[in-house]
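To start, the structure itself, in structure tokens.
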Amino acid sequence: MTQRNDPRDELYRLHAAAAFRRAQRLLGSEADADEVVHDVFLALLERLEPIQTTVDISAYLYGAVTHACLNRIRNQKNRQRLREEHAHTLRAPHSDGSGPEWALTARAVLAQLPDDLACAAVYYYVDELSHREIAEVMGCSRRHIGNLLARLARWTQGQEKTLCEL
Amino acid sequence: MRAVSDADACVSNLALDRWFSGALPSEDARALQEHLTTCPRCALRSDELARQRAAFYARAPGWDSFERARRRDRRGGRGALPRSTSWAWSVPLVAAACALGIELGIRLEPDQSSSAASVRSKGAPSIGFYVKRGEHIRRGSSGELVQPGELVRFTYSAERPLHFALLHGDAAGAAVHYPKPHHPDKLEAGRDVPLDFSIRLDALLGTERVYGVFCDAPIPVESLRAELQRTGHIPDLPHCQVDSLVLHKRSQ
């Protein structure tokens, strides 16, 4: 008799480390990343069958982790903390954008971006995916990704003064 | 779905994640593996991802153990303080937002490898560098594998204005890259400030050591270069601090 591996364990062993790595980079905290991975995997395991048959799990998890992290970055409590930490680091000496304070600033930028632009920014700047890969993860055309990144560039130009004068 | 579009293209973390999980079609997996044998940068990144995977699964090897740990954390509060993580990913995004440019503000590779800077004493002046290959720019760290033809741009960090010299020594001898006649006497204070020039790596393979010399007084640059060429070392200088980096130049 062949013993089948627990599919939950198999999914976890194949994909959890990558999900954790990305969540940790986006959130800057191991504990927060653990929570995101746990929540994302619980949601994934609930819909295991449809996911297994229809979706590229790596791409699905890139999307799910990104959304979960952006939600955390955006929630009211975190935004308040980011604002306070951001203001603190920018007042600190040698705060010239070359240290961890930039990560805070980047999270503050992500918190302000509309959802589709924030996702595109994460995939492009953080994950360094190609337009084709971003299109695969976001489930849209490469042309749409080009448009999103152009909008992102316009948005950042529009915010340039605000951010740099903070 | 093709995760590796052509043999020369560097592979993304998504492609590596698909490969690790066995989701890459065999043709793409072969192309990725071939690329890793010829691209030291991607090979290093692949190794780093593998190391991170091993660390993660050493902490929580299976779903059950991970879930048990999460339940314990939720019952008992957060437990250990969050560890800070690599921040380098944020540079291009903030650079885009603030239009800081400095020619580096394109797509910087997150540097998760151990960095020489991480073991320097706090507040000590230091040097760093970026490497540009084609349109891709990555942040380098001591011990970096580089290739002939790549452009290297050095940076410095100093908490106060200091005299500065940048020299390198390799099998061909020693050379001074900074200061040149048009350079100011002292550097301004700053962190990761790029110097105003790039160096294209020549075809001579081997190990190069680059020295950043920071002094309160003017630096006898030519005698330093001669000493470096003669002995292979920078001599002790009063009221000076020296930081160094190693580059391993290999062909593809």
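Identifiers in the structure tokens: chain A, B, ... in order shown; residue index from 1 per chain; ligand index from 1 in order shown.
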
**Request:** Name the residues in contact with B:Ala203 at a cut-off of 9 Å, using only C-alpha atoms, excluding same-chain residues fewer than 3 positions from it; report them as a ChimeraX atom specification.
**Result:** /B:147-149,249,251

For the residues in that selection, give me N, CA, C and O atoms as a tab-separated table (two decimals), in the first residue's frame.
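Result went into selection_4.tsv, see below:
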chain	number	residue	atom	x	y	z
B	147	GLN	N	33.21	40.51	-13.31
B	147	GLN	CA	33.68	40.05	-14.61
B	147	GLN	C	34.33	41.19	-15.37
B	147	GLN	O	33.94	42.35	-15.21
B	148	PRO	N	35.29	40.86	-16.23
B	148	PRO	CA	35.87	41.90	-17.09
B	148	PRO	C	34.76	42.61	-17.86
B	148	PRO	O	33.79	41.99	-18.29
B	149	GLY	N	34.91	43.91	-18.01
B	149	GLY	CA	33.93	44.68	-18.77
B	149	GLY	C	32.84	45.29	-17.91
B	149	GLY	O	32.16	46.22	-18.34
B	249	LYS	N	37.80	38.71	-9.69
B	249	LYS	CA	37.45	38.88	-11.10
B	249	LYS	C	37.61	37.54	-11.83
B	249	LYS	O	38.68	36.96	-11.85
B	251	SER	N	36.33	35.21	-15.41
B	251	SER	CA	35.65	35.28	-16.71
B	251	SER	C	34.36	34.48	-16.61
B	251	SER	O	34.18	33.70	-15.68

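Straight-line separation from atom CA of B:Gly206 to atom CA of B:Arg250: 6.6 Å.
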
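In this comparison, which uses only C-alpha atoms, the residue of B:Asp236, B:Asp202, B:Asp47, B:Asp17 approaching chain A most closely is B:Asp17.
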
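Reported to one decimal place, the separation of atom CA of A:Arg21 from atom CA of A:Val40 is 13.5 Å.
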
**Asked** Counting only C-alpha atoms, what is within 10 Å of B:Glu188, bar same-chain residues fewer than 4 positions away, as a VMD selection string?
**Response** chain B and resid 156 to 163 184 193

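When only C-alpha atoms are used to measure the gap to A:Tyr60, the shortest distance among A:Val126, A:Met138, A:Ile145, A:Leu113 belongs to A:Met138.
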
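Closest approach to chain A among B:Glu34, B:Glu135, B:Asp192, B:Asp28: B:Asp192, based on only C-alpha atoms.
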
**Message:** With only C-alpha atoms as the counted atoms, please give the residues lying no more than 9 Å from A:Arg151, apart from itself and same-chain residues fewer than 5 positions off, as a ChimeraX atom specification.
**Reply:** /A:117,146,156

**Closest of A:Cys119, A:Ala135, A:Ala153, A:Leu44 to chain B - atom-to-atom distances counting only C-alpha atoms** = A:Ala153

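Residues in contact with B:Arg225 at 7 Å, where only C-alpha atoms are counted and same-chain residues fewer than 4 positions away are skipped, are listed as Ala174, Ala175, Val176, Val221 and Gln229 of chain B.
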
**Asked** Using only C-alpha atoms, which of the listed residues (B:Glu27, B:Glu67, B:Glu48, B:Glu150) sits closest to chain A?
**Response** B:Glu67
